[in-house]
$ cat entry_3.txt   # compact mmCIF, C-alpha atoms
# COMPACT_ATOMS: atom_id res chain seq x y z
CA MET H 696 12.10 -35.91 -45.95
CA ASP H 697 8.72 -36.55 -47.55
CA ILE H 698 6.34 -34.75 -45.16
CA ASP H 699 3.24 -35.61 -47.20
CA LYS H 700 4.04 -39.33 -47.00
CA ILE H 701 4.53 -39.10 -43.25
CA ILE H 702 1.18 -37.33 -42.91
CA CYS H 703 -0.56 -40.20 -44.71
CA GLU H 704 1.09 -42.66 -42.32
CA VAL H 705 -0.02 -40.58 -39.34
CA GLU H 706 -3.64 -40.56 -40.49
CA GLU H 707 -3.58 -44.35 -40.73
CA ASP H 708 -1.92 -44.70 -37.30
CA ILE H 709 -4.54 -42.66 -35.43
CA LYS H 710 -7.76 -44.10 -36.88
CA ASP H 711 -8.78 -45.92 -33.70
CA GLN H 712 -8.18 -42.89 -31.47
CA ILE H 713 -10.19 -40.63 -33.78
CA ALA H 714 -13.12 -43.08 -33.70
CA GLU H 715 -13.10 -43.06 -29.88
CA VAL H 716 -13.20 -39.27 -29.81
CA ASP H 717 -16.15 -39.20 -32.22
CA ALA H 718 -18.09 -41.66 -30.07
CA ARG H 719 -17.53 -39.58 -26.94
CA CYS H 720 -18.57 -36.45 -28.81
CA MET H 721 -21.92 -38.08 -29.56
CA ARG H 722 -22.51 -38.89 -25.89
CA ASN H 723 -21.58 -35.41 -24.69
CA SER H 724 -23.72 -33.83 -27.40
CA MET H 725 -26.69 -35.77 -26.05
CA ARG H 726 -25.91 -34.48 -22.56
CA VAL H 727 -26.05 -30.89 -23.83
CA LEU H 728 -29.17 -31.39 -25.93
CA ASP H 729 -30.99 -32.94 -22.97
CA ALA H 730 -30.23 -29.83 -20.88
CA PHE H 731 -31.47 -27.51 -23.65
CA GLN H 732 -34.71 -29.42 -24.02
CA LYS H 733 -35.28 -29.79 -20.28
CA ASN H 734 -35.03 -26.00 -19.91
CA ARG H 735 -37.10 -25.32 -23.05
CA ILE H 736 -34.59 -22.99 -24.68
CA ALA H 737 -36.39 -20.61 -27.07
CA ASP H 738 -35.90 -17.27 -28.85
CA VAL H 739 -36.89 -15.41 -25.69
CA HIS H 740 -33.68 -16.58 -24.04
CA PHE H 741 -31.60 -14.72 -26.64
CA ASN H 742 -32.93 -11.34 -25.50
CA SER H 743 -30.57 -8.74 -24.08
CA THR H 744 -30.54 -6.66 -20.90
CA THR H 745 -28.59 -3.54 -19.96
CA GLY H 746 -27.94 -1.59 -16.81
CA TYR H 747 -28.52 -3.75 -13.75
CA GLY H 748 -29.76 -6.72 -15.77
CA TYR H 749 -32.75 -7.39 -13.56
CA ASP H 750 -34.98 -10.34 -14.55
CA ASP H 751 -32.74 -11.51 -17.39
CA ILE H 752 -34.53 -14.76 -18.22
CA GLY H 753 -31.83 -15.77 -20.70
CA ARG H 754 -29.02 -15.37 -18.19
CA ASP H 755 -30.90 -17.25 -15.49
CA THR H 756 -31.81 -20.09 -17.85
CA ILE H 757 -28.26 -20.38 -19.17
CA GLU H 758 -27.15 -21.02 -15.60
CA LYS H 759 -29.78 -23.73 -15.24
CA VAL H 760 -28.53 -25.32 -18.46
CA PHE H 761 -24.93 -25.35 -17.20
CA ALA H 762 -26.02 -26.81 -13.85
CA ASP H 763 -27.95 -29.58 -15.62
CA ILE H 764 -25.11 -30.40 -18.01
CA PHE H 765 -22.70 -30.78 -15.10
CA HIS H 766 -25.16 -32.33 -12.62
CA THR H 767 -24.67 -29.59 -10.03
CA GLU H 768 -27.00 -27.65 -7.76
CA ASP H 769 -26.23 -24.26 -9.26
CA ALA H 770 -24.08 -22.33 -11.73
CA LEU H 771 -22.69 -18.84 -12.26
CA VAL H 772 -22.08 -18.12 -15.97
CA ARG H 773 -21.18 -14.51 -16.60
CA THR H 774 -19.58 -12.24 -19.16
CA GLN H 775 -18.49 -10.11 -16.20
CA PHE H 776 -15.76 -12.72 -15.68
CA ILE H 777 -12.90 -11.59 -17.90
CA SER H 778 -11.10 -14.95 -17.78
CA GLY H 779 -10.84 -18.30 -16.04
CA THR H 780 -8.23 -16.76 -13.76
CA HIS H 781 -10.73 -14.06 -12.78
CA ALA H 782 -13.37 -16.70 -11.97
CA ILE H 783 -10.87 -18.64 -9.84
CA THR H 784 -9.96 -15.41 -8.03
CA VAL H 785 -13.62 -14.68 -7.29
CA ALA H 786 -14.14 -18.22 -6.01
CA LEU H 787 -11.11 -18.10 -3.72
CA PHE H 788 -11.90 -14.70 -2.20
CA ALA H 789 -15.59 -15.64 -1.88
CA ASN H 790 -15.00 -18.81 0.12
CA LEU H 791 -11.85 -18.07 2.11
CA ARG H 792 -11.53 -15.80 5.14
CA PRO H 793 -8.55 -14.36 7.07
CA GLY H 794 -6.84 -17.19 8.93
CA ASP H 795 -8.08 -19.89 6.53
CA THR H 796 -5.67 -22.18 4.71
CA LEU H 797 -5.80 -22.97 1.01
CA LEU H 798 -4.07 -26.25 0.15
CA SER H 799 -3.09 -27.16 -3.39
CA ILE H 800 -2.63 -30.92 -3.67
CA SER H 801 -1.53 -30.84 -7.32
CA GLY H 802 1.63 -28.82 -6.79
CA LYS H 803 2.16 -25.19 -7.75
CA PRO H 804 -0.82 -23.73 -9.65
CA TYR H 805 -0.69 -22.00 -13.02
CA ASP H 806 1.59 -18.96 -13.29
CA THR H 807 -1.26 -16.42 -13.36
CA LEU H 808 -2.21 -17.39 -9.79
CA ASP H 809 1.17 -16.25 -8.40
CA SER H 810 -0.05 -12.73 -7.64
CA ILE H 811 -3.45 -13.97 -6.47
CA ILE H 812 -1.99 -16.35 -3.90
CA GLY H 813 0.78 -13.93 -2.93
CA PHE H 814 3.99 -15.60 -4.05
CA ASN H 815 5.26 -12.15 -5.04
CA ASP H 816 3.74 -10.22 -2.12
CA ASN H 817 1.07 -8.52 -4.20
CA LYS H 818 -0.91 -6.09 -2.02
CA SER H 819 -4.22 -7.49 -3.28
CA SER H 820 -3.33 -11.16 -2.80
CA LEU H 821 -4.87 -13.78 -0.53
CA LYS H 822 -1.70 -13.55 1.55
CA SER H 823 -2.27 -9.83 2.11
CA TYR H 824 -5.66 -10.70 3.61
CA GLY H 825 -4.16 -13.21 6.02
CA ILE H 826 -5.15 -16.29 4.04
CA LYS H 827 -2.47 -18.97 4.21
CA TYR H 828 -1.32 -21.16 1.35
CA GLU H 829 0.31 -24.58 1.34
CA GLN H 830 0.95 -27.13 -1.38
CA ILE H 831 1.66 -30.81 -1.68
CA ASP H 832 3.56 -31.72 -4.81
CA LEU H 833 2.66 -34.59 -7.07
CA VAL H 834 4.81 -37.72 -7.05
CA ASP H 835 5.35 -39.31 -10.46
CA ASP H 836 2.41 -37.30 -11.85
CA ASP H 837 0.04 -38.60 -9.17
CA PHE H 838 -1.29 -37.35 -5.85
CA ASP H 839 0.75 -37.99 -2.71
CA ILE H 840 -2.19 -39.59 -0.92
CA GLU H 841 -0.46 -40.35 2.37
CA LYS H 842 0.90 -36.83 2.74
CA ILE H 843 -2.51 -35.37 1.85
CA LYS H 844 -4.27 -37.48 4.48
CA GLU H 845 -1.66 -36.65 7.08
CA ARG H 846 -2.01 -32.90 6.44
CA LEU H 847 -5.80 -32.96 6.45
CA SER H 848 -5.95 -34.84 9.75
CA LYS H 849 -5.26 -31.50 11.46
CA LYS H 850 -8.67 -30.20 10.26
CA ASP H 851 -7.47 -26.61 9.73
CA VAL H 852 -7.57 -26.51 5.91
CA LYS H 853 -10.60 -24.66 4.54
CA MET H 854 -10.21 -25.37 0.83
CA ILE H 855 -8.36 -27.78 -1.44
CA GLU H 856 -7.40 -26.70 -4.95
CA ILE H 857 -6.76 -29.20 -7.74
CA GLN H 858 -5.58 -28.04 -11.14
CA ARG H 859 -6.64 -30.62 -13.70
CA SER H 860 -4.53 -29.35 -16.57
CA ARG H 861 -0.76 -29.08 -16.37
CA GLY H 862 -0.46 -25.34 -16.98
CA TYR H 863 3.17 -24.57 -17.79
CA ALA H 864 4.42 -27.42 -15.58
CA THR H 865 6.29 -30.42 -16.91
CA ARG H 866 3.90 -32.84 -15.25
CA LYS H 867 1.09 -34.63 -17.06
CA SER H 868 -2.51 -33.49 -16.75
CA LEU H 869 -4.52 -35.29 -14.09
CA SER H 870 -6.97 -37.99 -15.12
CA LEU H 871 -10.42 -38.21 -13.58
CA ASP H 872 -9.46 -41.59 -12.11
CA LYS H 873 -6.62 -39.97 -10.18
CA ILE H 874 -8.80 -37.04 -9.12
CA GLU H 875 -11.51 -39.41 -7.90
CA ARG H 876 -9.02 -41.42 -5.81
CA ALA H 877 -7.67 -38.22 -4.29
CA ILE H 878 -11.15 -36.92 -3.43
CA LYS H 879 -12.07 -40.24 -1.79
CA ALA H 880 -8.88 -40.10 0.26
CA VAL H 881 -9.65 -36.53 1.34
CA ARG H 882 -13.17 -37.46 2.44
CA GLU H 883 -11.84 -40.34 4.53
CA VAL H 884 -10.21 -37.85 6.89
CA ASN H 885 -12.15 -34.61 6.31
CA ASP H 886 -15.70 -34.36 5.01
CA GLU H 887 -15.98 -30.58 5.53
CA VAL H 888 -13.08 -29.19 3.48
CA ILE H 889 -14.17 -27.54 0.22
CA ILE H 890 -12.71 -29.18 -2.89
CA MET H 891 -12.28 -26.88 -5.89
CA ILE H 892 -11.24 -27.99 -9.38
CA ASP H 893 -9.61 -25.69 -11.89
CA ASN H 894 -11.22 -27.44 -14.87
CA CYS H 895 -9.82 -25.21 -17.64
CA TYR H 896 -9.14 -27.20 -20.84
CA GLY H 897 -10.81 -30.31 -19.39
CA GLU H 898 -14.53 -30.01 -20.15
CA PHE H 899 -16.06 -32.66 -22.45
CA VAL H 900 -12.74 -34.48 -22.81
CA ASP H 901 -14.34 -37.34 -20.88
CA ASP H 902 -17.91 -38.54 -20.34
CA ILE H 903 -18.00 -37.14 -16.81
CA GLU H 904 -16.49 -34.17 -14.97
CA PRO H 905 -14.75 -33.69 -11.59
CA VAL H 906 -18.02 -32.67 -9.92
CA ASP H 907 -19.34 -36.13 -10.82
CA VAL H 908 -16.63 -37.75 -8.69
CA GLY H 909 -17.07 -35.66 -5.56
CA ALA H 910 -15.63 -32.18 -6.12
CA ASP H 911 -17.68 -29.40 -4.51
CA PHE H 912 -17.30 -27.01 -7.41
CA MET H 913 -15.27 -26.37 -10.54
CA VAL H 914 -14.25 -23.34 -12.55
CA GLY H 915 -13.45 -22.72 -16.21
CA SER H 916 -13.27 -20.18 -19.02
CA LEU H 917 -15.73 -19.64 -21.86
CA ILE H 918 -12.97 -18.79 -24.33
CA LYS H 919 -11.74 -22.32 -23.79
CA ASN H 920 -13.78 -25.52 -24.15
CA LEU H 921 -17.29 -24.51 -23.14
CA GLY H 922 -17.52 -21.40 -25.31
CA GLY H 923 -17.31 -23.53 -28.43
CA GLY H 924 -15.42 -20.74 -30.19
CA LEU H 925 -18.55 -18.56 -30.14
CA ALA H 926 -18.62 -17.01 -26.66
CA PRO H 927 -16.65 -13.75 -26.89
CA ASN H 928 -15.59 -13.79 -23.22
CA GLY H 929 -16.70 -14.97 -19.82
CA ALA H 930 -16.28 -17.89 -17.46
CA TYR H 931 -18.33 -20.22 -15.29
CA ILE H 932 -18.45 -21.70 -11.80
CA VAL H 933 -20.64 -24.76 -11.18
CA GLY H 934 -21.20 -26.64 -7.94
CA LYS H 935 -22.98 -26.56 -4.61
CA LYS H 936 -25.57 -23.84 -4.19
CA GLU H 937 -24.08 -22.19 -1.10
CA ILE H 938 -20.69 -21.93 -2.82
CA ILE H 939 -22.19 -20.41 -5.96
CA GLU H 940 -24.15 -17.88 -3.89
CA LEU H 941 -20.96 -16.69 -2.19
CA CYS H 942 -19.19 -16.46 -5.55
CA ALA H 943 -22.06 -14.41 -7.01
CA GLU H 944 -21.98 -11.95 -4.10
CA ARG H 945 -18.24 -11.57 -4.50
CA LEU H 946 -18.58 -10.96 -8.27
CA THR H 947 -21.39 -8.39 -7.89
CA ALA H 948 -22.29 -7.18 -4.38
CA PRO H 949 -23.59 -8.63 -1.11
CA GLY H 950 -27.36 -8.74 -1.21
CA GLN H 951 -27.44 -8.65 -5.02
CA GLY H 952 -25.53 -11.76 -6.06
CA LYS H 953 -26.99 -13.52 -9.10
CA GLU H 954 -29.91 -11.09 -9.43
CA VAL H 955 -27.84 -8.52 -11.34
CA GLY H 956 -25.52 -8.59 -14.32
CA PRO H 957 -26.59 -7.39 -17.79
CA THR H 958 -25.97 -9.75 -20.70
CA LEU H 959 -25.63 -7.04 -23.37
CA GLY H 960 -26.73 -9.31 -26.20
CA ILE H 961 -24.38 -12.21 -25.44
CA ASN H 962 -26.93 -14.88 -24.40
CA LYS H 963 -27.23 -16.37 -27.88
CA ASN H 964 -23.44 -16.63 -28.21
CA ILE H 965 -23.13 -18.44 -24.90
CA LEU H 966 -25.99 -20.83 -25.67
CA GLN H 967 -24.74 -21.53 -29.18
CA GLY H 968 -21.22 -21.95 -27.83
CA ILE H 969 -22.12 -24.59 -25.24
CA TYR H 970 -24.28 -26.29 -27.89
CA MET H 971 -21.28 -26.56 -30.21
CA ALA H 972 -18.76 -27.28 -27.46
CA PRO H 973 -18.75 -31.12 -27.58
CA SER H 974 -17.98 -31.04 -31.31
CA VAL H 975 -15.36 -28.30 -31.02
CA VAL H 976 -13.66 -30.06 -28.09
CA ALA H 977 -13.62 -33.26 -30.15
CA SER H 978 -11.95 -31.37 -33.01
CA SER H 979 -9.36 -30.02 -30.58
CA ILE H 980 -8.59 -33.48 -29.24
CA LYS H 981 -8.32 -34.97 -32.74
CA THR H 982 -5.95 -32.17 -33.72
CA ALA H 983 -3.86 -32.91 -30.62
CA ILE H 984 -3.73 -36.62 -31.47
CA PHE H 985 -2.65 -35.82 -35.03
CA THR H 986 -0.01 -33.38 -33.73
CA ALA H 987 1.40 -35.89 -31.26
CA ARG H 988 1.84 -38.64 -33.82
CA LEU H 989 3.27 -36.33 -36.49
CA LEU H 990 5.82 -34.72 -34.17
CA GLU H 991 6.77 -38.11 -32.74
CA LYS H 992 7.55 -39.32 -36.25
CA LEU H 993 9.70 -36.24 -36.78
CA GLY H 994 11.79 -37.09 -33.72
CA PHE H 995 10.30 -34.86 -31.04
CA GLU H 996 8.82 -35.90 -27.70
CA ALA H 997 5.05 -35.40 -27.48
CA VAL H 998 3.14 -35.54 -24.20
CA PRO H 999 0.67 -37.12 -24.10
CA LYS H 1000 1.53 -39.63 -26.80
CA PHE H 1001 -1.02 -40.03 -29.58
CA ASP H 1002 -2.51 -43.22 -28.10
CA GLU H 1003 -2.59 -42.15 -24.43
CA LYS H 1004 -5.82 -41.36 -22.58
CA ARG H 1005 -6.29 -37.60 -22.37
CA SER H 1006 -7.50 -35.36 -19.56
CA ASP H 1007 -7.54 -32.04 -21.43
CA ILE H 1008 -7.15 -30.55 -24.90
CA VAL H 1009 -3.52 -29.52 -24.37
CA GLN H 1010 -0.79 -31.14 -26.44
CA THR H 1011 2.81 -30.47 -25.50
CA ILE H 1012 5.88 -30.87 -27.67
CA ILE H 1013 9.29 -30.86 -26.03
CA PHE H 1014 11.85 -29.22 -28.34
CA ARG H 1015 14.84 -28.85 -25.96
CA ASN H 1016 15.91 -26.00 -28.21
CA GLU H 1017 14.73 -22.40 -28.01
CA GLU H 1018 15.04 -21.69 -31.74
CA LYS H 1019 12.98 -24.74 -32.74
CA LEU H 1020 10.35 -23.93 -30.13
CA VAL H 1021 9.99 -20.35 -31.35
CA ARG H 1022 9.94 -21.50 -34.96
CA TYR H 1023 7.11 -23.99 -34.34
CA VAL H 1024 4.97 -21.46 -32.48
CA GLN H 1025 5.50 -18.98 -35.30
CA GLY H 1026 4.50 -21.73 -37.74
CA ILE H 1027 1.17 -22.20 -35.97
CA GLN H 1028 0.51 -18.50 -36.55
CA THR H 1029 1.11 -18.95 -40.29
CA GLY H 1030 -1.63 -21.60 -40.27
CA SER H 1031 -4.19 -19.30 -38.65
CA ALA H 1032 -7.16 -17.60 -40.29
CA ILE H 1033 -6.57 -14.31 -38.46
CA ASP H 1034 -3.26 -12.40 -38.46
CA SER H 1035 -1.53 -15.16 -40.38
CA GLU H 1036 1.10 -12.69 -41.55
CA SER H 1037 2.06 -11.75 -37.99
CA VAL H 1038 5.24 -13.15 -36.46
CA PRO H 1039 4.93 -13.87 -32.71
CA MET H 1040 7.95 -13.05 -30.57
CA PRO H 1041 8.70 -13.76 -26.90
CA TRP H 1042 7.59 -10.93 -24.60
CA ASP H 1043 6.93 -10.07 -20.97
CA MET H 1044 3.29 -11.05 -20.75
CA PRO H 1045 1.33 -9.75 -17.69
CA GLY H 1046 0.95 -12.41 -15.00
CA TYR H 1047 3.88 -14.58 -16.10
CA THR H 1048 7.37 -14.88 -14.64
CA ASP H 1049 9.18 -15.85 -17.88
CA LYS H 1050 8.95 -14.37 -21.32
CA VAL H 1051 6.13 -16.02 -23.27
CA ILE H 1052 5.63 -16.56 -26.98
CA MET H 1053 2.04 -17.02 -28.10
CA ALA H 1054 0.46 -17.83 -31.44
CA SER H 1055 -3.25 -17.18 -31.49
CA GLY H 1056 -4.71 -16.29 -34.85
CA SER H 1057 -8.18 -16.45 -33.34
CA PHE H 1058 -11.53 -14.75 -33.86
CA THR H 1059 -11.68 -14.10 -30.09
CA GLN H 1060 -8.58 -12.55 -28.58
CA GLY H 1061 -6.66 -15.12 -26.54
CA SER H 1062 -9.13 -17.92 -27.26
CA SER H 1063 -7.43 -21.26 -26.72
CA ILE H 1064 -10.28 -23.42 -27.97
CA GLU H 1065 -9.22 -22.06 -31.35
CA LEU H 1066 -5.91 -23.40 -32.66
CA SER H 1067 -3.24 -21.71 -30.58
CA CYS H 1068 0.19 -22.43 -29.21
CA ASP H 1069 2.18 -20.77 -26.47
CA ALA H 1070 5.29 -21.39 -24.44
CA PRO H 1071 7.35 -19.91 -21.63
CA ILE H 1072 10.90 -19.34 -22.82
CA ARG H 1073 12.59 -21.68 -20.39
CA ASP H 1074 14.26 -25.06 -20.47
CA PRO H 1075 13.26 -27.70 -21.69
CA TYR H 1076 11.48 -25.42 -24.21
CA ILE H 1077 8.01 -26.95 -24.31
CA ALA H 1078 5.29 -25.80 -26.69
CA PHE H 1079 1.75 -25.94 -25.28
CA GLN H 1080 -0.69 -26.33 -28.15
CA GLN H 1081 -4.47 -26.45 -27.83
CA GLY H 1082 -7.67 -25.97 -29.74
CA ALA H 1083 -9.05 -26.12 -33.29
CA LEU H 1084 -12.61 -25.20 -34.18
CA THR H 1085 -12.63 -28.01 -36.74
CA TYR H 1086 -10.31 -30.95 -37.20
CA GLU H 1087 -9.70 -29.93 -40.79
CA TYR H 1088 -8.50 -26.44 -39.89
CA GLY H 1089 -6.48 -27.83 -36.99
CA LYS H 1090 -4.72 -30.36 -39.18
CA ILE H 1091 -3.96 -27.76 -41.85
CA GLY H 1092 -2.52 -25.42 -39.23
CA VAL H 1093 -0.27 -28.09 -37.75
CA ILE H 1094 0.97 -29.18 -41.18
CA LYS H 1095 1.86 -25.57 -42.00
CA ALA H 1096 3.66 -25.25 -38.66
CA VAL H 1097 5.68 -28.41 -39.27
CA LYS H 1098 6.69 -27.31 -42.75
CA TYR H 1099 7.67 -23.89 -41.37
CA LEU H 1100 9.78 -25.61 -38.68
CA MET H 1101 11.50 -27.92 -41.14
CA ASN H 1102 12.46 -24.99 -43.38
CA MET H 1103 14.66 -23.39 -40.72
$ encode --input "entry_3.txt" --output "structure tokens"
Amino acid sequence: MDIDKIICEVEEDIKDQIAEVDARCMRNSMRVLDAFQKNRIADVHFNSTTGYGYDDIGRDTIEKVFADIFHTEDALVRTQFISGTHAITVALFANLRPGDTLLSISGKPYDTLDSIIGFNDNKSSLKSYGIKYEQIDLVDDDFDIEKIKERLSKKDVKMIEIQRSRGYATRKSLSLDKIERAIKAVREVNDEVIIMIDNCYGEFVDDIEPVDVGADFMVGSLIKNLGGGLAPNGAYIVGKKEIIELCAERLTAPGQGKEVGPTLGINKNILQGIYMAPSVVASSIKTAIFTARLLEKLGFEAVPKFDEKRSDIVQTIIFRNEEKLVRYVQGIQTGSAIDSESVPMPWDMPGYTDKVIMASGSFTQGSSIELSCDAPIRDPYIAFQQGALTYEYGKIGVIKAVKYLMNM
């Protein structure tokens, strides 16, 4: 098999999709630049604070920038969040009270929420605090609108959770069109329920975001899309002011909220990261498109297909074979800049129910806006690939992974 010839064919096949991504990148870059200029970002905003972090002008202005980019009333952007999962946890505990019901209308959430919700009777879970959980599964990768409306007619649900990306599920990621239809259906029967979006992997993939189509707030990680590969940690919550205030008081302390939180020299990284994010996200999407077409030509099933509309930066490849799955993930590691000589192996990763194999030769530990690939070791043996700081590095990494796979 002439891999180099196939690669040339792939590059010709995906020209139109690559052009669309570049055009969207230009529009999202303008959105970011407008927010920077509106808030008059200057050297003073790079300054650091320690201790309590009182009067950190950089931190406060960063949150104004995020709110402007996403057209929301307020934002909480903090390095004190250790992950997107942590930010989601803060948001849930901040806005739910004993006796409240949390309803997921996109099926079971990502594996790392199992202990948070209380599927495994964790003593620190929502369940342990008397907060109830229900879910409505998707039907053919779309919301079950009638069941959602029927459930919400009882008026006892406090918050709705929608996970935009697929996580480790076999379903497709949810498009903004589907999310908008679901939100409209919810509001027809209940205009008080809080609608939260887990937006991890989805930022800047489209021209608008879930908060633009009616969500009350959304949450994401800075070592994914919005960190642009430069933020060393952290996460964000953007949305309605009263929701953000509750989240801030849960993250820090009642009565202190957003007023505290030292930045420890990270402001420049966060600002530079969000500045670069549209371009880095575009590189990730182009890498995913290239991956999909190449693996399709090699006989594997790629979801989404190279010419499908995308809702996040995640590209999945269905191997239906454990050995091939492991081999591909290991191949991605060989194409990394960091730890390229390492050989990933499946292991019991904290927060997951199955063994997980993860390739992440990244400058920031666990960063999935950098080229990475991970998979739960379970049938049908799906690889979840995401990221690439540049299209060139992403393409090189995927080519190395494919050649490593084919040399089994």
$ residues_around --input "entry_3.txt" --residues "segment 790-807 of chain H" --least-positions-apart "4" --cutoff "8 Å" --atoms "all atoms listed in the file" --output "MDAnalysis selection string"
chainID H and resid 780 786 811 824:833 838:839 843 851:858 861:864 938 941:942 1046:1048
$ atom_distance --input "entry_3.txt" --atom1 "atom CA of Phe731 of chain H" --atom2 "atom CA of Ala930 of chain H"
19.0 Å
$ atom_distance --input "entry_3.txt" --atom1 "atom CA of Pro973 of chain H" --atom2 "atom CA of Ser916 of chain H"
14.9 Å
$ atom_distance --input "entry_3.txt" --atom1 "atom CA of Lys700 of chain H" --atom2 "atom CA of Leu1100 of chain H"
17.0 Å
$ closest_residue --input "entry_3.txt" --among "H:Ile889, H:Val834, H:Gly952, H:Val785" --to "Lys935 of chain H" --atoms "all atoms listed in the file"
H:Ile889
$ closest_atom_pairs --input "entry_3.txt" --of "segment 963-1027 of chain H" --to "segment 1063-1066 of chain H" --cutoff "10 Å" --atoms "all atoms listed in the file" --output "Markdown table"
| residue | atom | partner | partner_atom | distance |
| --- | --- | --- | --- | --- |
| H:Ala972 | CA | H:Ile1064 | CA | 9.3 |
| H:Val975 | CA | H:Ile1064 | CA | 7.7 |
| H:Val976 | CA | H:Ile1064 | CA | 7.5 |
| H:Ser978 | CA | H:Ile1064 | CA | 9.6 |
| H:Ser979 | CA | H:Ile1064 | CA | 7.2 |
| H:Thr982 | CA | H:Leu1066 | CA | 8.8 |
| H:Ala983 | CA | H:Leu1066 | CA | 9.9 |
| H:Ile1008 | CA | H:Ile1064 | CA | 8.4 |
| H:Val1009 | CA | H:Ser1063 | CA | 9.4 |
| H:Ile1027 | CA | H:Leu1066 | CA | 7.9 |
$ residues_around --input "entry_3.txt" --residues "Leu925 of chain H" --least-positions-apart "6" --cutoff "8 Å" --atoms "all atoms listed in the file" --output "number ranges by chain"
H: 964-965, 967-968
$ residues_around --input "entry_3.txt" --residues "Lys710 of chain H" --least-positions-apart "2" --cutoff "12 Å" --atoms "all atoms listed in the file" --output "list in words"
Cys703, Glu704, Val705, Glu706, Glu707, Asp708, Gln712, Ile713, Ala714, Glu715, Val716, Asp717, Lys981, Ile984, Phe985, Arg988, Phe1001 and Asp1002 of chain H
$ write_last_selection --input "entry_3.txt" --atoms "C-alpha atoms" --output "short mmCIF file (atom, residue, chain, number, x, y, z; two decimals), keeping the file's coordinate frame"
data_model
loop_
_atom_site.label_atom_id
_atom_site.label_comp_id
_atom_site.auth_asym_id
_atom_site.auth_seq_id
_atom_site.Cartn_x
_atom_site.Cartn_y
_atom_site.Cartn_z
CA CYS H 703 -0.56 -40.20 -44.71
CA GLU H 704 1.09 -42.66 -42.32
CA VAL H 705 -0.02 -40.58 -39.34
CA GLU H 706 -3.64 -40.56 -40.49
CA GLU H 707 -3.58 -44.35 -40.73
CA ASP H 708 -1.92 -44.70 -37.30
CA GLN H 712 -8.18 -42.89 -31.47
CA ILE H 713 -10.19 -40.63 -33.78
CA ALA H 714 -13.12 -43.08 -33.70
CA GLU H 715 -13.10 -43.06 -29.88
CA VAL H 716 -13.20 -39.27 -29.81
CA ASP H 717 -16.15 -39.20 -32.22
CA LYS H 981 -8.32 -34.97 -32.74
CA ILE H 984 -3.73 -36.62 -31.47
CA PHE H 985 -2.65 -35.82 -35.03
CA ARG H 988 1.84 -38.64 -33.82
CA PHE H 1001 -1.02 -40.03 -29.58
CA ASP H 1002 -2.51 -43.22 -28.10
#
$ axis_aligned_box --input "entry_3.txt" --around "segment 956-965 of chain H" --padding-each-side "3 Å" --output "JSON"
{"center_x": -25.2, "center_y": -12.7, "center_z": -21.3, "size_x": 10.1, "size_y": 17.4, "size_z": 19.9}
$ build_atoms --input "entry_3.txt" --residues "segment 836-847 of chain H" --atoms "N, CA and C atoms" --output "mmCIF file, keeping the file's coordinate frame"
data_model
loop_
_atom_site.group_PDB
_atom_site.id
_atom_site.type_symbol
_atom_site.label_atom_id
_atom_site.label_comp_id
_atom_site.auth_asym_id
_atom_site.auth_seq_id
_atom_site.Cartn_x
_atom_site.Cartn_y
_atom_site.Cartn_z
ATOM 1 N N ASP H 836 3.639 -37.752 -11.193
ATOM 2 C CA ASP H 836 2.410 -37.300 -11.850
ATOM 3 C C ASP H 836 1.140 -37.843 -11.186
ATOM 4 N N ASP H 837 1.220 -38.139 -9.909
ATOM 5 C CA ASP H 837 0.040 -38.600 -9.170
ATOM 6 C C ASP H 837 0.035 -37.950 -7.793
ATOM 7 N N PHE H 838 -1.137 -37.967 -7.166
ATOM 8 C CA PHE H 838 -1.290 -37.350 -5.850
ATOM 9 C C PHE H 838 -0.515 -38.116 -4.785
ATOM 10 N N ASP H 839 0.056 -37.394 -3.849
ATOM 11 C CA ASP H 839 0.750 -37.990 -2.710
ATOM 12 C C ASP H 839 -0.301 -38.229 -1.617
ATOM 13 N N ILE H 840 -1.017 -39.323 -1.756
ATOM 14 C CA ILE H 840 -2.190 -39.590 -0.920
ATOM 15 C C ILE H 840 -1.853 -39.588 0.571
ATOM 16 N N GLU H 841 -0.790 -40.255 0.952
ATOM 17 C CA GLU H 841 -0.460 -40.350 2.370
ATOM 18 C C GLU H 841 -0.154 -38.975 2.969
ATOM 19 N N LYS H 842 0.570 -38.162 2.235
ATOM 20 C CA LYS H 842 0.900 -36.830 2.740
ATOM 21 C C LYS H 842 -0.362 -35.961 2.811
ATOM 22 N N ILE H 843 -1.243 -36.120 1.845
ATOM 23 C CA ILE H 843 -2.510 -35.370 1.850
ATOM 24 C C ILE H 843 -3.344 -35.739 3.078
ATOM 25 N N LYS H 844 -3.473 -37.024 3.336
ATOM 26 C CA LYS H 844 -4.270 -37.480 4.480
ATOM 27 C C LYS H 844 -3.655 -37.032 5.800
ATOM 28 N N GLU H 845 -2.338 -37.084 5.860
ATOM 29 C CA GLU H 845 -1.660 -36.650 7.080
ATOM 30 C C GLU H 845 -1.904 -35.166 7.334
ATOM 31 N N ARG H 846 -1.809 -34.347 6.274
ATOM 32 C CA ARG H 846 -2.010 -32.900 6.440
ATOM 33 C C ARG H 846 -3.449 -32.578 6.827
ATOM 34 N N LEU H 847 -4.394 -33.264 6.206
ATOM 35 C CA LEU H 847 -5.800 -32.960 6.450
ATOM 36 C C LEU H 847 -6.292 -33.480 7.798
#
